[in-house]
$ cat protein.pdb   # PDB, C-alpha atoms and all ligand atoms
ATOM      1  CA  MET A   1      -4.228  -7.417 -32.335  1.00  0.00           C
ATOM      2  CA  THR A   2      -3.998  -3.663 -31.821  1.00  0.00           C
ATOM      3  CA  ILE A   3      -3.798  -1.507 -28.711  1.00  0.00           C
ATOM      4  CA  ARG A   4      -5.308   1.907 -29.436  1.00  0.00           C
ATOM      5  CA  PRO A   5      -7.003   4.801 -27.634  1.00  0.00           C
ATOM      6  CA  ARG A   6     -10.652   4.126 -26.746  1.00  0.00           C
ATOM      7  CA  ALA A   7     -13.254   5.816 -28.943  1.00  0.00           C
ATOM      8  CA  ASP A   8     -16.833   6.684 -27.979  1.00  0.00           C
ATOM      9  CA  GLU A   9     -18.148   3.838 -30.130  1.00  0.00           C
ATOM     10  CA  ASP A  10     -16.112   1.330 -28.056  1.00  0.00           C
ATOM     11  CA  MET A  11     -17.903   2.208 -24.808  1.00  0.00           C
ATOM     12  CA  ALA A  12     -20.691  -0.373 -25.054  1.00  0.00           C
ATOM     13  CA  ALA A  13     -18.260  -3.254 -25.676  1.00  0.00           C
ATOM     14  CA  VAL A  14     -15.943  -2.035 -22.906  1.00  0.00           C
ATOM     15  CA  MET A  15     -18.833  -1.835 -20.440  1.00  0.00           C
ATOM     16  CA  ASP A  16     -19.857  -5.386 -21.328  1.00  0.00           C
ATOM     17  CA  LEU A  17     -16.320  -6.631 -20.565  1.00  0.00           C
ATOM     18  CA  LEU A  18     -16.238  -4.760 -17.239  1.00  0.00           C
ATOM     19  CA  ALA A  19     -19.745  -5.815 -16.211  1.00  0.00           C
ATOM     20  CA  ALA A  20     -18.877  -9.469 -16.851  1.00  0.00           C
ATOM     21  CA  GLU A  21     -16.136  -9.125 -14.185  1.00  0.00           C
ATOM     22  CA  ASN A  22     -18.309  -7.065 -11.809  1.00  0.00           C
ATOM     23  CA  LEU A  23     -15.924  -4.128 -12.195  1.00  0.00           C
ATOM     24  CA  PRO A  24     -17.303  -0.606 -11.603  1.00  0.00           C
ATOM     25  CA  LEU A  25     -18.636   1.417 -14.510  1.00  0.00           C
ATOM     26  CA  ASP A  26     -18.983   4.712 -12.600  1.00  0.00           C
ATOM     27  CA  ALA A  27     -17.467   7.770 -14.267  1.00  0.00           C
ATOM     28  CA  LEU A  28     -15.932   5.646 -17.015  1.00  0.00           C
ATOM     29  CA  GLU A  29     -16.783   8.310 -19.596  1.00  0.00           C
ATOM     30  CA  ALA A  30     -14.534  10.756 -17.675  1.00  0.00           C
ATOM     31  CA  THR A  31     -11.464   8.543 -18.140  1.00  0.00           C
ATOM     32  CA  GLU A  32      -8.838   8.254 -20.853  1.00  0.00           C
ATOM     33  CA  GLY A  33      -8.955   4.664 -22.077  1.00  0.00           C
ATOM     34  CA  TRP A  34      -7.160   2.195 -24.312  1.00  0.00           C
ATOM     35  CA  VAL A  35      -8.609  -0.904 -25.900  1.00  0.00           C
ATOM     36  CA  ALA A  36      -7.194  -4.113 -27.310  1.00  0.00           C
ATOM     37  CA  GLU A  37      -8.935  -4.906 -30.574  1.00  0.00           C
ATOM     38  CA  GLU A  38      -8.708  -8.043 -32.664  1.00  0.00           C
ATOM     39  CA  ALA A  39     -10.644  -8.682 -35.882  1.00  0.00           C
ATOM     40  CA  GLY A  40     -12.928  -5.760 -35.045  1.00  0.00           C
ATOM     41  CA  VAL A  41     -13.761  -7.096 -31.558  1.00  0.00           C
ATOM     42  CA  ILE A  42     -12.845  -5.289 -28.332  1.00  0.00           C
ATOM     43  CA  ILE A  43     -11.071  -7.868 -26.155  1.00  0.00           C
ATOM     44  CA  GLY A  44      -9.381  -5.696 -23.525  1.00  0.00           C
ATOM     45  CA  HIS A  45      -9.400  -2.306 -21.865  1.00  0.00           C
ATOM     46  CA  VAL A  46      -7.636  -0.116 -19.317  1.00  0.00           C
ATOM     47  CA  ALA A  47      -8.242   3.495 -18.266  1.00  0.00           C
ATOM     48  CA  LEU A  48      -6.637   6.370 -16.398  1.00  0.00           C
ATOM     49  CA  GLU A  49      -8.702   8.695 -14.229  1.00  0.00           C
ATOM     50  CA  ALA A  50      -6.713  11.910 -13.722  1.00  0.00           C
ATOM     51  CA  ALA A  51      -6.775  13.310 -10.181  1.00  0.00           C
ATOM     52  CA  GLY A  52      -4.603  16.371  -9.629  1.00  0.00           C
ATOM     53  CA  ASP A  53      -0.948  15.446  -9.994  1.00  0.00           C
ATOM     54  CA  ALA A  54      -1.689  11.722  -9.827  1.00  0.00           C
ATOM     55  CA  VAL A  55      -3.669   9.188 -11.823  1.00  0.00           C
ATOM     56  CA  LEU A  56      -5.892   6.261 -10.939  1.00  0.00           C
ATOM     57  CA  VAL A  57      -5.370   3.183 -13.102  1.00  0.00           C
ATOM     58  CA  ARG A  58      -8.745   1.471 -13.387  1.00  0.00           C
ATOM     59  CA  SER A  59     -11.058  -0.711 -15.424  1.00  0.00           C
ATOM     60  CA  LEU A  60      -8.346  -3.154 -16.498  1.00  0.00           C
ATOM     61  CA  VAL A  61      -9.896  -6.169 -18.147  1.00  0.00           C
ATOM     62  CA  VAL A  62      -9.069  -8.757 -20.804  1.00  0.00           C
ATOM     63  CA  ALA A  63     -11.719 -11.091 -22.231  1.00  0.00           C
ATOM     64  CA  PRO A  64     -11.335 -14.548 -20.620  1.00  0.00           C
ATOM     65  CA  ALA A  65     -10.530 -16.286 -23.921  1.00  0.00           C
ATOM     66  CA  SER A  66      -7.703 -13.829 -24.638  1.00  0.00           C
ATOM     67  CA  ARG A  67      -5.895 -13.940 -21.280  1.00  0.00           C
ATOM     68  CA  GLY A  68      -2.320 -15.100 -20.846  1.00  0.00           C
ATOM     69  CA  ARG A  69      -1.127 -13.634 -24.157  1.00  0.00           C
ATOM     70  CA  GLY A  70       0.363 -10.455 -22.736  1.00  0.00           C
ATOM     71  CA  LEU A  71      -2.599  -8.176 -23.502  1.00  0.00           C
ATOM     72  CA  GLY A  72      -2.938  -7.077 -19.886  1.00  0.00           C
ATOM     73  CA  ASP A  73       0.744  -6.169 -19.878  1.00  0.00           C
ATOM     74  CA  ARG A  74       0.472  -4.216 -23.150  1.00  0.00           C
ATOM     75  CA  LEU A  75      -2.601  -2.340 -21.940  1.00  0.00           C
ATOM     76  CA  MET A  76      -0.790  -1.432 -18.712  1.00  0.00           C
ATOM     77  CA  GLN A  77       2.227  -0.254 -20.734  1.00  0.00           C
ATOM     78  CA  ALA A  78      -0.028   2.087 -22.736  1.00  0.00           C
ATOM     79  CA  ALA A  79      -1.607   3.525 -19.578  1.00  0.00           C
ATOM     80  CA  GLU A  80       1.736   3.858 -17.771  1.00  0.00           C
ATOM     81  CA  ALA A  81       3.314   5.622 -20.757  1.00  0.00           C
ATOM     82  CA  ALA A  82       0.463   8.146 -20.755  1.00  0.00           C
ATOM     83  CA  ALA A  83       0.763   8.612 -16.991  1.00  0.00           C
ATOM     84  CA  GLY A  84       4.375   9.721 -17.494  1.00  0.00           C
ATOM     85  CA  ALA A  85       5.962  10.938 -14.260  1.00  0.00           C
ATOM     86  CA  ARG A  86       2.658  11.150 -12.371  1.00  0.00           C
ATOM     87  CA  PRO A  87       2.271   8.640  -9.510  1.00  0.00           C
ATOM     88  CA  ARG A  88      -0.087   5.815 -10.456  1.00  0.00           C
ATOM     89  CA  TYR A  89      -2.621   4.464  -7.953  1.00  0.00           C
ATOM     90  CA  LEU A  90      -4.693   1.318  -8.294  1.00  0.00           C
ATOM     91  CA  LYS A  91      -7.408  -0.023  -5.993  1.00  0.00           C
ATOM     92  CA  THR A  92      -7.791  -3.744  -6.440  1.00  0.00           C
ATOM     93  CA  ASP A  93      -9.015  -6.885  -4.756  1.00  0.00           C
ATOM     94  CA  THR A  94      -8.010  -9.089  -7.662  1.00  0.00           C
ATOM     95  CA  VAL A  95      -4.623  -8.299  -9.207  1.00  0.00           C
ATOM     96  CA  GLY A  96      -2.461  -7.107  -6.293  1.00  0.00           C
ATOM     97  CA  PRO A  97       0.309  -9.724  -6.704  1.00  0.00           C
ATOM     98  CA  TRP A  98       0.499  -9.097 -10.458  1.00  0.00           C
ATOM     99  CA  MET A  99       0.849  -5.358  -9.858  1.00  0.00           C
ATOM    100  CA  VAL A 100       3.526  -5.875  -7.216  1.00  0.00           C
ATOM    101  CA  ALA A 101       5.437  -7.915  -9.798  1.00  0.00           C
ATOM    102  CA  ARG A 102       5.108  -4.863 -12.097  1.00  0.00           C
ATOM    103  CA  GLY A 103       6.737  -2.607  -9.482  1.00  0.00           C
ATOM    104  CA  TYR A 104       3.690  -1.373  -7.570  1.00  0.00           C
ATOM    105  CA  ARG A 105       3.636  -1.432  -3.755  1.00  0.00           C
ATOM    106  CA  LEU A 106       1.013  -0.991  -1.045  1.00  0.00           C
ATOM    107  CA  ALA A 107       0.280   2.692  -0.429  1.00  0.00           C
ATOM    108  CA  ARG A 108       0.080   3.939   3.161  1.00  0.00           C
ATOM    109  CA  PRO A 109      -3.135   5.904   3.877  1.00  0.00           C
ATOM    110  CA  ASP A 110      -1.163   9.166   4.192  1.00  0.00           C
ATOM    111  CA  GLU A 111       0.316   8.602   0.722  1.00  0.00           C
ATOM    112  CA  ILE A 112      -3.078   8.671  -1.006  1.00  0.00           C
ATOM    113  CA  PRO A 113      -3.787  12.254  -2.141  1.00  0.00           C
ATOM    114  CA  ALA A 114      -7.186  13.859  -1.645  1.00  0.00           C
ATOM    115  CA  GLY A 115      -7.757  13.940  -5.413  1.00  0.00           C
ATOM    116  CA  ILE A 116      -7.380  10.161  -5.671  1.00  0.00           C
ATOM    117  CA  GLN A 117      -9.614   9.650  -2.628  1.00  0.00           C
ATOM    118  CA  ALA A 118     -12.289  11.763  -4.329  1.00  0.00           C
ATOM    119  CA  THR A 119     -12.488   9.451  -7.360  1.00  0.00           C
ATOM    120  CA  SER A 120     -15.540   7.246  -7.774  1.00  0.00           C
ATOM    121  CA  GLN A 121     -13.573   4.110  -6.882  1.00  0.00           C
ATOM    122  CA  PHE A 122     -12.918   5.465  -3.383  1.00  0.00           C
ATOM    123  CA  ALA A 123     -16.272   7.145  -2.812  1.00  0.00           C
ATOM    124  CA  GLY A 124     -19.706   5.580  -2.516  1.00  0.00           C
ATOM    125  CA  GLY A 125     -20.070   1.858  -2.045  1.00  0.00           C
ATOM    126  CA  ALA A 126     -16.449   0.895  -2.749  1.00  0.00           C
ATOM    127  CA  CYS A 127     -15.028  -1.061   0.176  1.00  0.00           C
ATOM    128  CA  ALA A 128     -12.507   0.925   2.226  1.00  0.00           C
ATOM    129  CA  CYS A 129     -10.727  -2.360   2.961  1.00  0.00           C
ATOM    130  CA  THR A 130      -9.645  -2.872  -0.670  1.00  0.00           C
ATOM    131  CA  PRO A 131      -5.851  -2.512  -0.937  1.00  0.00           C
ATOM    132  CA  VAL A 132      -4.462   0.545  -2.709  1.00  0.00           C
ATOM    133  CA  LEU A 133      -1.250   0.117  -4.661  1.00  0.00           C
ATOM    134  CA  VAL A 134       1.030   2.829  -5.956  1.00  0.00           C
ATOM    135  CA  GLN A 135       3.914   3.161  -8.370  1.00  0.00           C
ATOM    136  CA  GLY A 136       6.049   6.239  -8.921  1.00  0.00           C
ATOM    137  CA  LEU A 137       6.366   7.515  -5.355  1.00  0.00           C
ATOM    138  CA  PRO A 138       9.598   7.376  -3.348  1.00  0.00           C
ATOM    139  CA  ALA A 139       9.986   4.210  -1.255  1.00  0.00           C
ATOM    140  CA  ALA A 140       8.281   4.171   2.165  1.00  0.00           C
ATOM    141  CA  PRO A 141      10.358   6.523   4.341  1.00  0.00           C
ATOM    142  CA  ARG A 142      12.998   5.402   6.813  1.00  0.00           C
ATOM    143  CA  GLY A 143      15.272   7.611   8.917  1.00  0.00           C
ATOM    144  CA  PRO A 144      13.795  10.286  11.206  1.00  0.00           C
ATOM    145  CA  GLY A 145      10.170   9.601  10.184  1.00  0.00           C
ATOM    146  CA  PHE A 146      10.616   5.886  10.840  1.00  0.00           C
ATOM    147  CA  LEU A 147      12.226   6.611  14.252  1.00  0.00           C
ATOM    148  CA  ALA A 148       9.430   9.028  15.202  1.00  0.00           C
ATOM    149  CA  ARG A 149       6.841   6.291  14.549  1.00  0.00           C
ATOM    150  CA  GLY A 150       8.566   3.886  16.964  1.00  0.00           C
ATOM    151  CA  GLY A 151      11.309   2.393  14.786  1.00  0.00           C
ATOM    152  CA  TRP A 152      13.737   3.212  17.607  1.00  0.00           C
ATOM    153  CA  LEU A 153      12.194   0.337  19.593  1.00  0.00           C
ATOM    154  CA  ILE A 154      13.929  -2.263  17.397  1.00  0.00           C
ATOM    155  CA  PRO A 155      17.556  -1.318  18.230  1.00  0.00           C
ATOM    156  CA  ALA A 156      16.492  -0.472  21.805  1.00  0.00           C
ATOM    157  CA  LEU A 157      15.121  -3.966  22.563  1.00  0.00           C
ATOM    158  CA  PRO A 158      18.523  -5.676  23.237  1.00  0.00           C
ATOM    159  CA  LEU A 159      19.358  -2.847  25.704  1.00  0.00           C
ATOM    160  CA  TRP A 160      16.078  -3.552  27.547  1.00  0.00           C
ATOM    161  CA  PHE A 161      17.073  -7.236  27.936  1.00  0.00           C
ATOM    162  CA  LEU A 162      20.519  -6.221  29.316  1.00  0.00           C
ATOM    163  CA  ALA A 163      19.034  -3.800  31.866  1.00  0.00           C
TER     164      ALA A 163
HETATM  165  C1  LIG A 201      -5.748  -9.148 -14.849  1.00  0.00           C
HETATM  166  C2  LIG A 201      -5.945  -9.370 -16.335  1.00  0.00           C
HETATM  167  C3  LIG A 201      -6.297  -8.043 -17.008  1.00  0.00           C
HETATM  168  C4  LIG A 201      -4.632  -9.906 -16.923  1.00  0.00           C
HETATM  169  O1  LIG A 201      -4.802  -9.984 -18.321  1.00  0.00           O
HETATM  170  P1  LIG A 201      -3.830 -10.930 -19.232  1.00  0.00           P
HETATM  171  O2  LIG A 201      -3.975 -10.483 -20.632  1.00  0.00           O
HETATM  172  O3  LIG A 201      -4.092 -12.346 -18.924  1.00  0.00           O
HETATM  173  O4  LIG A 201      -2.412 -10.496 -18.661  1.00  0.00           O
HETATM  174  P2  LIG A 201      -0.987 -10.906 -19.258  1.00  0.00           P
HETATM  175  O5  LIG A 201      -1.153 -11.992 -20.282  1.00  0.00           O
HETATM  176  O6  LIG A 201      -0.273  -9.673 -19.652  1.00  0.00           O
HETATM  177  O7  LIG A 201      -0.273 -11.441 -17.967  1.00  0.00           O
HETATM  178  C5  LIG A 201      -0.645 -12.669 -17.465  1.00  0.00           C
HETATM  179  C6  LIG A 201       0.128 -12.849 -16.182  1.00  0.00           C
HETATM  180  O8  LIG A 201      -0.588 -12.194 -15.134  1.00  0.00           O
HETATM  181  C7  LIG A 201      -0.839 -13.147 -14.124  1.00  0.00           C
HETATM  182  N1  LIG A 201      -2.120 -12.827 -13.532  1.00  0.00           N
HETATM  183  C8  LIG A 201      -3.298 -12.641 -14.154  1.00  0.00           C
HETATM  184  N2  LIG A 201      -4.257 -12.366 -13.260  1.00  0.00           N
HETATM  185  C9  LIG A 201      -3.665 -12.384 -12.047  1.00  0.00           C
HETATM  186  C10 LIG A 201      -4.137 -12.188 -10.736  1.00  0.00           C
HETATM  187  N3  LIG A 201      -5.407 -11.926 -10.468  1.00  0.00           N
HETATM  188  N4  LIG A 201      -3.231 -12.256  -9.719  1.00  0.00           N
HETATM  189  C11 LIG A 201      -1.940 -12.523  -9.965  1.00  0.00           C
HETATM  190  N5  LIG A 201      -1.443 -12.740 -11.200  1.00  0.00           N
HETATM  191  C12 LIG A 201      -2.296 -12.675 -12.224  1.00  0.00           C
HETATM  192  C13 LIG A 201      -0.859 -14.470 -14.837  1.00  0.00           C
HETATM  193  O9  LIG A 201      -0.591 -15.528 -13.948  1.00  0.00           O
HETATM  194  C14 LIG A 201       0.265 -14.293 -15.839  1.00  0.00           C
HETATM  195  O10 LIG A 201       1.511 -14.471 -15.209  1.00  0.00           O
HETATM  196  P3  LIG A 201       2.804 -14.933 -16.056  1.00  0.00           P
HETATM  197  O11 LIG A 201       3.075 -13.839 -17.068  1.00  0.00           O
HETATM  198  O12 LIG A 201       3.880 -15.029 -15.011  1.00  0.00           O
HETATM  199  O13 LIG A 201       2.419 -16.211 -16.691  1.00  0.00           O
HETATM  200  C15 LIG A 201      -7.059 -10.423 -16.593  1.00  0.00           C
HETATM  201  O14 LIG A 201      -6.739 -11.600 -15.863  1.00  0.00           O
HETATM  202  C16 LIG A 201      -8.445  -9.952 -16.200  1.00  0.00           C
HETATM  203  O15 LIG A 201      -9.151  -9.350 -17.004  1.00  0.00           O
HETATM  204  N6  LIG A 201      -8.878 -10.283 -14.964  1.00  0.00           N
HETATM  205  C17 LIG A 201     -10.255  -9.969 -14.536  1.00  0.00           C
HETATM  206  C18 LIG A 201     -10.461  -8.493 -14.339  1.00  0.00           C
HETATM  207  C19 LIG A 201      -9.660  -7.915 -13.202  1.00  0.00           C
HETATM  208  O16 LIG A 201      -9.534  -8.501 -12.130  1.00  0.00           O
HETATM  209  N7  LIG A 201      -9.129  -6.692 -13.436  1.00  0.00           N
HETATM  210  C20 LIG A 201      -8.387  -5.938 -12.465  1.00  0.00           C
HETATM  211  C21 LIG A 201      -9.223  -4.850 -11.905  1.00  0.00           C
HETATM  212  S1  LIG A 201      -8.251  -3.776 -10.866  1.00  0.00           S
END
$ encode --input "protein.pdb" --output "structure tokens" --more "lines below"
Ligand SMILES: CC(C)(COP(=O)(O)OP(=O)(O)OC[C@H]1O[C@@H](n2cnc3c(N)ncnc32)[C@H](O)[C@@H]1OP(=O)(O)O)[C@@H](O)C(=O)NCCC(=O)NCCS
Amino acid sequence: MTIRPRADEDMAAVMDLLAAENLPLDALEATEGWVAEEAGVIIGHVALEAAGDAVLVRSLVVAPASRGRGLGDRLMQAAEAAAGARPRYLKTDTVGPWMVARGYRLARPDEIPAGIQATSQFAGGACACTPVLVQGLPAAPRGPGFLARGGWLIPALPLWFLA
């Protein structure tokens, strides 16, 4: 089994894999992709859609018969290595817990840059309720920002009971 960059001739097989999972095909040709290939057959894929200083990880799929062998992990490693220091965003209804185990966390709306929001996975018919995960940003802020949003209420509550 080999993980290698996606070539134009792989597109039809990749689209078949994605369509079988009802995953979006929009703007796939504008992405940088990697495939898992075994005995000449494409059995997995992942892609990065560049958006300004960030990237969208998308179109992750492994053929059902090949799951559980670490291909998804190896595909993600290839995409994450190419992303380098850029923050990585992922919009998913299906693999949130797996991504959290990989070090992703839920992104707050104000942490999602305009470039990422302009990608095809955010525009059009994609559901706005689908969780967005991120890796490579600082942790959610605490300190003055947290206090300004009402975090001061937590230490203040015991004082309210004493009053
Ligand atoms: C998600 C997917 C790519 C994983 O591929 P894979 O080759 O089986 O992944 P790996 O073998 O590297 O990892 C398997 C691990 O991921 C876990 N996992 C797989 N899918 C999961 C999911 N939807 N939620 C939580 N964990 C999941 C497995 O339980 C397994 O855990 P373990 O290592 O603790 O045993 C594959 O299940 C798939 O193609 N799913 C359908 C398409 C999809 O939902 N893509 C995501 C679009 S954003």
$ axis_aligned_box --input "protein.pdb" --around "ligand LIG 201 (chain A)" --padding-each-side "6 Å" --output "lines of an AutoDock Vina configuration file"
center_x = -3.3
center_y = -10.0
center_z = -15.2
size_x = 26.3
size_y = 24.4
size_z = 22.9
$ closest_atom_pairs --input "protein.pdb" --of "chain A" --to "ligand LIG 201 (chain A)" --cutoff "10 Å" --atoms "all atoms listed in the file" --output "tab-separated table"
residue	atom	partner	partner_atom	distance
A:Leu17	CA	A:LIG201	O15	8.5
A:Leu18	CA	A:LIG201	C18	7.5
A:Ala19	CA	A:LIG201	C18	9.8
A:Ala20	CA	A:LIG201	C18	8.8
A:Glu21	CA	A:LIG201	C18	5.7
A:Asn22	CA	A:LIG201	C18	8.4
A:Leu23	CA	A:LIG201	C21	6.7
A:Pro24	CA	A:LIG201	C21	9.1
A:Ala36	CA	A:LIG201	O2	9.8
A:Ile43	CA	A:LIG201	O2	9.4
A:Gly44	CA	A:LIG201	O15	7.5
A:His45	CA	A:LIG201	C3	8.1
A:Val46	CA	A:LIG201	C3	8.4
A:Val57	CA	A:LIG201	S1	7.9
A:Arg58	CA	A:LIG201	S1	5.8
A:Ser59	CA	A:LIG201	C21	5.7
A:Leu60	CA	A:LIG201	N7	4.7
A:Val61	CA	A:LIG201	O15	3.5
A:Val62	CA	A:LIG201	O15	3.8
A:Ala63	CA	A:LIG201	O15	6.1
A:Pro64	CA	A:LIG201	O15	6.7
A:Ala65	CA	A:LIG201	O3	9.1
A:Ser66	CA	A:LIG201	O2	6.4
A:Arg67	CA	A:LIG201	O3	3.4
A:Gly68	CA	A:LIG201	O5	3.4
A:Arg69	CA	A:LIG201	O5	4.2
A:Gly70	CA	A:LIG201	O6	3.2
A:Leu71	CA	A:LIG201	O2	3.9
A:Gly72	CA	A:LIG201	O2	3.6
A:Asp73	CA	A:LIG201	O6	3.7
A:Arg74	CA	A:LIG201	O6	6.5
A:Leu75	CA	A:LIG201	O6	8.0
A:Met76	CA	A:LIG201	O6	8.3
A:Gln77	CA	A:LIG201	O6	9.8
A:Leu90	CA	A:LIG201	S1	6.7
A:Lys91	CA	A:LIG201	S1	6.2
A:Thr92	CA	A:LIG201	S1	4.4
A:Asp93	CA	A:LIG201	S1	6.9
A:Thr94	CA	A:LIG201	O16	4.8
A:Val95	CA	A:LIG201	N3	3.9
A:Gly96	CA	A:LIG201	N4	6.2
A:Pro97	CA	A:LIG201	C11	4.9
A:Trp98	CA	A:LIG201	N5	4.2
A:Met99	CA	A:LIG201	C11	7.7
A:Val100	CA	A:LIG201	C11	9.0
A:Ala101	CA	A:LIG201	N5	8.5
A:Arg102	CA	A:LIG201	O8	9.8
A:Val132	CA	A:LIG201	S1	10.0
$ write_last_selection --input "protein.pdb" --atoms "C-alpha atoms" --output "mmCIF file, in the coordinates of the input"
data_model
loop_
_atom_site.group_PDB
_atom_site.id
_atom_site.type_symbol
_atom_site.label_atom_id
_atom_site.label_comp_id
_atom_site.auth_asym_id
_atom_site.auth_seq_id
_atom_site.Cartn_x
_atom_site.Cartn_y
_atom_site.Cartn_z
ATOM 1 C CA LEU A 17 -16.320 -6.631 -20.565
ATOM 2 C CA LEU A 18 -16.238 -4.760 -17.239
ATOM 3 C CA ALA A 19 -19.745 -5.815 -16.211
ATOM 4 C CA ALA A 20 -18.877 -9.469 -16.851
ATOM 5 C CA GLU A 21 -16.136 -9.125 -14.185
ATOM 6 C CA ASN A 22 -18.309 -7.065 -11.809
ATOM 7 C CA LEU A 23 -15.924 -4.128 -12.195
ATOM 8 C CA PRO A 24 -17.303 -0.606 -11.603
ATOM 9 C CA ALA A 36 -7.194 -4.113 -27.310
ATOM 10 C CA ILE A 43 -11.071 -7.868 -26.155
ATOM 11 C CA GLY A 44 -9.381 -5.696 -23.525
ATOM 12 C CA HIS A 45 -9.400 -2.306 -21.865
ATOM 13 C CA VAL A 46 -7.636 -0.116 -19.317
ATOM 14 C CA VAL A 57 -5.370 3.183 -13.102
ATOM 15 C CA ARG A 58 -8.745 1.471 -13.387
ATOM 16 C CA SER A 59 -11.058 -0.711 -15.424
ATOM 17 C CA LEU A 60 -8.346 -3.154 -16.498
ATOM 18 C CA VAL A 61 -9.896 -6.169 -18.147
ATOM 19 C CA VAL A 62 -9.069 -8.757 -20.804
ATOM 20 C CA ALA A 63 -11.719 -11.091 -22.231
ATOM 21 C CA PRO A 64 -11.335 -14.548 -20.620
ATOM 22 C CA ALA A 65 -10.530 -16.286 -23.921
ATOM 23 C CA SER A 66 -7.703 -13.829 -24.638
ATOM 24 C CA ARG A 67 -5.895 -13.940 -21.280
ATOM 25 C CA GLY A 68 -2.320 -15.100 -20.846
ATOM 26 C CA ARG A 69 -1.127 -13.634 -24.157
ATOM 27 C CA GLY A 70 0.363 -10.455 -22.736
ATOM 28 C CA LEU A 71 -2.599 -8.176 -23.502
ATOM 29 C CA GLY A 72 -2.938 -7.077 -19.886
ATOM 30 C CA ASP A 73 0.744 -6.169 -19.878
ATOM 31 C CA ARG A 74 0.472 -4.216 -23.150
ATOM 32 C CA LEU A 75 -2.601 -2.340 -21.940
ATOM 33 C CA MET A 76 -0.790 -1.432 -18.712
ATOM 34 C CA GLN A 77 2.227 -0.254 -20.734
ATOM 35 C CA LEU A 90 -4.693 1.318 -8.294
ATOM 36 C CA LYS A 91 -7.408 -0.023 -5.993
ATOM 37 C CA THR A 92 -7.791 -3.744 -6.440
ATOM 38 C CA ASP A 93 -9.015 -6.885 -4.756
ATOM 39 C CA THR A 94 -8.010 -9.089 -7.662
ATOM 40 C CA VAL A 95 -4.623 -8.299 -9.207
ATOM 41 C CA GLY A 96 -2.461 -7.107 -6.293
ATOM 42 C CA PRO A 97 0.309 -9.724 -6.704
ATOM 43 C CA TRP A 98 0.499 -9.097 -10.458
ATOM 44 C CA MET A 99 0.849 -5.358 -9.858
ATOM 45 C CA VAL A 100 3.526 -5.875 -7.216
ATOM 46 C CA ALA A 101 5.437 -7.915 -9.798
ATOM 47 C CA ARG A 102 5.108 -4.863 -12.097
ATOM 48 C CA VAL A 132 -4.462 0.545 -2.709
#
$ resolve_selection --input "protein.pdb" --expression "the PyMOL selection byres (((chain A and resi 10) around 12) and not hetatm)" --output "PDB file with C-alpha atoms, in the coordinates of the input"
ATOM      1  CA  ARG A   4      -5.308   1.907 -29.436  1.00  0.00           C
ATOM      2  CA  PRO A   5      -7.003   4.801 -27.634  1.00  0.00           C
ATOM      3  CA  ARG A   6     -10.652   4.126 -26.746  1.00  0.00           C
ATOM      4  CA  ALA A   7     -13.254   5.816 -28.943  1.00  0.00           C
ATOM      5  CA  ASP A   8     -16.833   6.684 -27.979  1.00  0.00           C
ATOM      6  CA  GLU A   9     -18.148   3.838 -30.130  1.00  0.00           C
ATOM      7  CA  MET A  11     -17.903   2.208 -24.808  1.00  0.00           C
ATOM      8  CA  ALA A  12     -20.691  -0.373 -25.054  1.00  0.00           C
ATOM      9  CA  ALA A  13     -18.260  -3.254 -25.676  1.00  0.00           C
ATOM     10  CA  VAL A  14     -15.943  -2.035 -22.906  1.00  0.00           C
ATOM     11  CA  MET A  15     -18.833  -1.835 -20.440  1.00  0.00           C
ATOM     12  CA  ASP A  16     -19.857  -5.386 -21.328  1.00  0.00           C
ATOM     13  CA  LEU A  17     -16.320  -6.631 -20.565  1.00  0.00           C
ATOM     14  CA  LEU A  28     -15.932   5.646 -17.015  1.00  0.00           C
ATOM     15  CA  GLU A  29     -16.783   8.310 -19.596  1.00  0.00           C
ATOM     16  CA  GLY A  33      -8.955   4.664 -22.077  1.00  0.00           C
ATOM     17  CA  TRP A  34      -7.160   2.195 -24.312  1.00  0.00           C
ATOM     18  CA  VAL A  35      -8.609  -0.904 -25.900  1.00  0.00           C
ATOM     19  CA  ALA A  36      -7.194  -4.113 -27.310  1.00  0.00           C
ATOM     20  CA  GLU A  37      -8.935  -4.906 -30.574  1.00  0.00           C
ATOM     21  CA  GLY A  40     -12.928  -5.760 -35.045  1.00  0.00           C
ATOM     22  CA  VAL A  41     -13.761  -7.096 -31.558  1.00  0.00           C
ATOM     23  CA  ILE A  42     -12.845  -5.289 -28.332  1.00  0.00           C
ATOM     24  CA  ILE A  43     -11.071  -7.868 -26.155  1.00  0.00           C
ATOM     25  CA  GLY A  44      -9.381  -5.696 -23.525  1.00  0.00           C
ATOM     26  CA  HIS A  45      -9.400  -2.306 -21.865  1.00  0.00           C
TER      27      HIS A  45
END
$ residues_around --input "protein.pdb" --residues "Leu137 of chain A" --least-positions-apart "6" --cutoff "10 Å" --atoms "all atoms listed in the file" --output "PDB file with C-alpha atoms, in the frame of the given file"
ATOM      1  CA  ALA A  85       5.962  10.938 -14.260  1.00  0.00           C
ATOM      2  CA  ARG A  86       2.658  11.150 -12.371  1.00  0.00           C
ATOM      3  CA  PRO A  87       2.271   8.640  -9.510  1.00  0.00           C
ATOM      4  CA  ARG A  88      -0.087   5.815 -10.456  1.00  0.00           C
ATOM      5  CA  TYR A  89      -2.621   4.464  -7.953  1.00  0.00           C
ATOM      6  CA  TYR A 104       3.690  -1.373  -7.570  1.00  0.00           C
ATOM      7  CA  ARG A 105       3.636  -1.432  -3.755  1.00  0.00           C
ATOM      8  CA  ALA A 107       0.280   2.692  -0.429  1.00  0.00           C
ATOM      9  CA  GLU A 111       0.316   8.602   0.722  1.00  0.00           C
TER      10      GLU A 111
END
$ closest_residue --input "protein.pdb" --among "A:Ala78, A:Arg108, A:Gln121, A:Leu48" --to "Asp26 of chain A" --atoms "all atoms listed in the file"
A:Gln121
$ atom_distance --input "protein.pdb" --atom1 "atom CA of Thr2 of chain A" --atom2 "atom CA of Ala51 of chain A"
27.6 Å
$ closest_residue --input "protein.pdb" --among "A:Ala82, A:Cys129, A:Gly103, A:Leu56" --to "Gln117 of chain A" --atoms "only C-alpha atoms"
A:Leu56
